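Structure first, commentary second.
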Amino acid sequence: MLVKVVVLTGAGISAESGLATFRDADGLWQGHHVDNVATPEAFHRDPATVHRFYDDRRRELRAVAPNAAHLALARLEQVLGDELLVVTQNVDDLHERAGSRRVVHMHGELLSALCDSCQGRFAWDDDLGDGPACPGCGNDTLRPDVVWFGEMPYDLDLIERALVRSDLFVAIGTSGAVYPAAGFVRMATRAGAKTLELNLDSSETSHLFDDARQGPAGKLVPEWVADVQALSR
C-alpha cells in the first residue's frame, strides 16, 4: 500500500476543462507574447495591459468546470487524506472546486491579489484593472498574485519536504520544461520514490520516470486513481 503521494499537475489537466494552456506552439498565450503579460517588467511598463489580460482570464475561469481528472484526484484525497499532496503549476481553482483541499499553488492563483506595497495576499475574484484599494494597507498597488518569469515560486520548502518523504511522485499534464517543477522527478527519485507520468504526449522528462503513460488526463487519471483505491481496500 502506498503511503505518501505527491502529485504535480500542469496545464494539460486544465486544458481538458477548456482553459488555454500557458503557451501555444506559436509562443503566444491568448494572443499575447508571454513577455508582455507574465513578467514584472511588463507589469511596470504597461500595467493596464497586464491587468486587462488577467481580468479576462479570471472571467474565463468562471465559465469552466472541473473535469474527470480533477474529480478523481479529489476522490483520491478521500482515500489517502493527509498522505496526498497536490502541487499545481496552474493558477486556476479547479482542484478546489472538485473537492481537493491539500493543494499547493506554486505559481500563485488567479483568484488572489498581491499588494506591491504591504506584500499582503488577498482572496480576489473581481477585476484589478480599475485600481481597487488594498484591503490591508489601502494603497492602490494590487497586482495579480501570479508568479511571473523571474519570480520565486511559492512554498518550495514545503514541496521539497513532501517530495523527499514521498513513496510515489506523479506528474500529470506537465511539459517537463519549466523549472523548478521539471526537477521534481529527479528529487523524488533520489529520495527513493517511485515515479509515474500521465501526459497527453511524451514530455521533456518522460525518460526520467519509472512509468510514463500517454493519453487524455480525463481518462488516465481516473484509471490510476481506481487502481490506488483498489490497493487500499
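All residue names refer to the C-alpha cells as shown: chains lettered A, B, ... in order, residues numbered from 1 in each chain, ligands numbered from 1 in order.
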
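By only C-alpha atoms, and with residues fewer than 3 positions from Leu61 (chain A) along its chain excluded, the set lying at most 8 Å from it is Leu19, Arg57, Arg58, Val64 and Asp92 of chain A.
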
Mind writing the picked residues with N, CA and C atoms as an mmCIF file, in the first residue's frame?
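Result saved to again_19.cif:
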data_model
loop_
_atom_site.group_PDB
_atom_site.id
_atom_site.type_symbol
_atom_site.label_atom_id
_atom_site.label_comp_id
_atom_site.auth_asym_id
_atom_site.auth_seq_id
_atom_site.Cartn_x
_atom_site.Cartn_y
_atom_site.Cartn_z
ATOM 1 N N LEU A 19 -9.606 25.517 -20.558
ATOM 2 C CA LEU A 19 -8.696 26.634 -20.322
ATOM 3 C C LEU A 19 -7.492 26.513 -21.249
ATOM 4 N N ARG A 57 -8.782 36.533 -17.920
ATOM 5 C CA ARG A 57 -8.571 35.134 -17.522
ATOM 6 C C ARG A 57 -9.467 34.779 -16.331
ATOM 7 N N ARG A 58 -9.637 35.734 -15.424
ATOM 8 C CA ARG A 58 -10.481 35.492 -14.250
ATOM 9 C C ARG A 58 -11.935 35.268 -14.668
ATOM 10 N N VAL A 64 -15.825 27.750 -16.730
ATOM 11 C CA VAL A 64 -15.416 26.352 -16.906
ATOM 12 C C VAL A 64 -15.618 25.596 -15.593
ATOM 13 N N ASP A 92 -5.545 28.320 -11.735
ATOM 14 C CA ASP A 92 -6.992 28.216 -11.602
ATOM 15 C C ASP A 92 -7.361 27.526 -10.293
#

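By chain and then residue number, the residues within 12 Å of Arg101 (chain A) are His70, Leu71, Leu73, Ala74, Arg75, Leu76, Glu77, Gln78, Gly81, Asp82, Leu84, Leu85, Val86, Val87, Asp93, Leu94, His95, Glu96, Arg97 and His105 of chain A, counting only C-alpha atoms and disregarding those fewer than 4 positions away in sequence.
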
Residues flagged helix (DSSP H, G or I) by DSSP in region 4-207 of chain A, as number ranges by chain: A: 11-15, 34-36, 40-45, 47-62, 68-83, 94-98, 156-165, 181-190, 206-207

Surrounding residues of region 121-130 of chain A excluding itself and chain neighbours under 5 positions, 12 Å, only C-alpha atoms, as a ChimeraX atom specification: /A:43,46-62,92-93,108-116,135-137,140-146

Output file for the selection above: C-alpha atoms, as an mmCIF file, in the first residue's frame:
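Written output follows (out_27.cif):
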data_model
loop_
_atom_site.group_PDB
_atom_site.id
_atom_site.type_symbol
_atom_site.label_atom_id
_atom_site.label_comp_id
_atom_site.auth_asym_id
_atom_site.auth_seq_id
_atom_site.Cartn_x
_atom_site.Cartn_y
_atom_site.Cartn_z
ATOM 1 C CA PHE A 43 3.652 44.974 -15.405
ATOM 2 C CA ASP A 46 2.228 48.587 -19.061
ATOM 3 C CA PRO A 47 0.106 47.682 -16.026
ATOM 4 C CA ALA A 48 -3.163 48.355 -17.857
ATOM 5 C CA THR A 49 -2.495 45.640 -20.445
ATOM 6 C CA VAL A 50 -1.379 43.127 -17.819
ATOM 7 C CA HIS A 51 -4.399 43.821 -15.619
ATOM 8 C CA ARG A 52 -6.741 43.527 -18.585
ATOM 9 C CA PHE A 53 -5.185 40.198 -19.530
ATOM 10 C CA TYR A 54 -5.650 38.677 -16.059
ATOM 11 C CA ASP A 55 -9.084 40.217 -15.566
ATOM 12 C CA ASP A 56 -10.112 38.402 -18.757
ATOM 13 C CA ARG A 57 -8.571 35.134 -17.522
ATOM 14 C CA ARG A 58 -10.481 35.492 -14.250
ATOM 15 C CA ARG A 59 -13.757 35.873 -16.121
ATOM 16 C CA GLU A 60 -12.951 32.862 -18.321
ATOM 17 C CA LEU A 61 -12.316 30.763 -15.235
ATOM 18 C CA ARG A 62 -15.881 31.324 -14.038
ATOM 19 C CA ASP A 92 -6.992 28.216 -11.602
ATOM 20 C CA ASP A 93 -9.150 26.893 -8.748
ATOM 21 C CA GLY A 108 0.049 31.619 -7.437
ATOM 22 C CA GLU A 109 -3.677 31.934 -8.025
ATOM 23 C CA LEU A 110 -5.922 33.903 -10.345
ATOM 24 C CA LEU A 111 -8.431 34.364 -7.531
ATOM 25 C CA SER A 112 -5.896 36.125 -5.341
ATOM 26 C CA ALA A 113 -4.349 39.587 -5.331
ATOM 27 C CA LEU A 114 -0.882 40.566 -4.127
ATOM 28 C CA CYS A 115 -0.103 44.046 -2.828
ATOM 29 C CA ASP A 116 3.159 45.564 -4.031
ATOM 30 C CA PRO A 135 -7.678 45.541 1.936
ATOM 31 C CA GLY A 136 -4.528 45.568 4.063
ATOM 32 C CA CYS A 137 -2.891 48.956 3.591
ATOM 33 C CA ASP A 140 -3.925 51.107 -4.989
ATOM 34 C CA THR A 141 -0.984 48.773 -5.592
ATOM 35 C CA LEU A 142 -2.670 45.407 -6.064
ATOM 36 C CA ARG A 143 -1.415 43.065 -8.801
ATOM 37 C CA PRO A 144 -2.337 39.525 -9.849
ATOM 38 C CA ASP A 145 -1.000 37.028 -7.313
ATOM 39 C CA VAL A 146 0.643 35.048 -10.101
#

Strand (DSSP E) positions in region 19-214 of chain A, given as an MDAnalysis selection string: chainID A and resid 28:29 32:33 84:88 103:105 108:115 121:123 142:146 168:172 194:199 211:214

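Residues surrounding Lys219 (chain A) within 12 Å are Ile13, Glu16, Asn67, Ala68, Ala69, His70, Leu71, Ala72, Ile172, Leu198, Asn199, Leu200, Arg213, Val225 and Ala226 of chain A [only C-alpha atoms; sequence separation below 6 positions excluded].
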
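When only C-alpha atoms are used to compute distances to Ala171 (chain A), the closest of the residues A:Ala217, A:Ala133, A:Ala191, A:Ala15 turns out to be A:Ala217.
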
Residue nearest Ala11 (chain A) among A:His107, A:Arg165, A:His207, A:His44 (counting only C-alpha atoms): A:His107

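Our summary of the geometry notes that CA of Pro216 (chain A) is positioned 29.0 Å from CA of Leu158 (chain A).
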
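The space separating CA of Ala193 (chain A) from CA of Ser166 (chain A) comes to 5.9 Å.
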
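The closest residue to Tyr179 (chain A), picked from A:Val5, A:Leu208, A:Ala65, A:Met106 and counting only C-alpha atoms, is A:Met106.
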
Residues within 10 Å of Met187 (chain A), only C-alpha atoms, excluding chain neighbours under 3 positions, as an MDAnalysis selection string: chainID A and resid 160 163:164 169 182:184 190:193

The selected residues should be written to file as an mmCIF file, in the first residue's frame (atoms: C-alpha atoms).
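Saved to selection_10.cif:
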data_model
loop_
_atom_site.group_PDB
_atom_site.id
_atom_site.type_symbol
_atom_site.label_atom_id
_atom_site.label_comp_id
_atom_site.auth_asym_id
_atom_site.auth_seq_id
_atom_site.Cartn_x
_atom_site.Cartn_y
_atom_site.Cartn_z
ATOM 1 C CA GLU A 160 10.643 19.673 -1.337
ATOM 2 C CA LEU A 163 8.984 15.051 -2.214
ATOM 3 C CA VAL A 164 11.826 13.645 -0.134
ATOM 4 C CA PHE A 169 5.551 11.054 -7.306
ATOM 5 C CA ALA A 182 10.768 19.929 -14.020
ATOM 6 C CA GLY A 183 13.348 18.873 -11.428
ATOM 7 C CA PHE A 184 10.852 17.314 -9.024
ATOM 8 C CA ARG A 190 16.911 10.391 -5.324
ATOM 9 C CA ALA A 191 14.705 10.025 -2.248
ATOM 10 C CA GLY A 192 13.713 6.510 -3.294
ATOM 11 C CA ALA A 193 10.168 7.218 -4.514
#

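Take CA of Pro66 (chain A) and CA of Ser14 (chain A): the distance between them is 7.8 Å.
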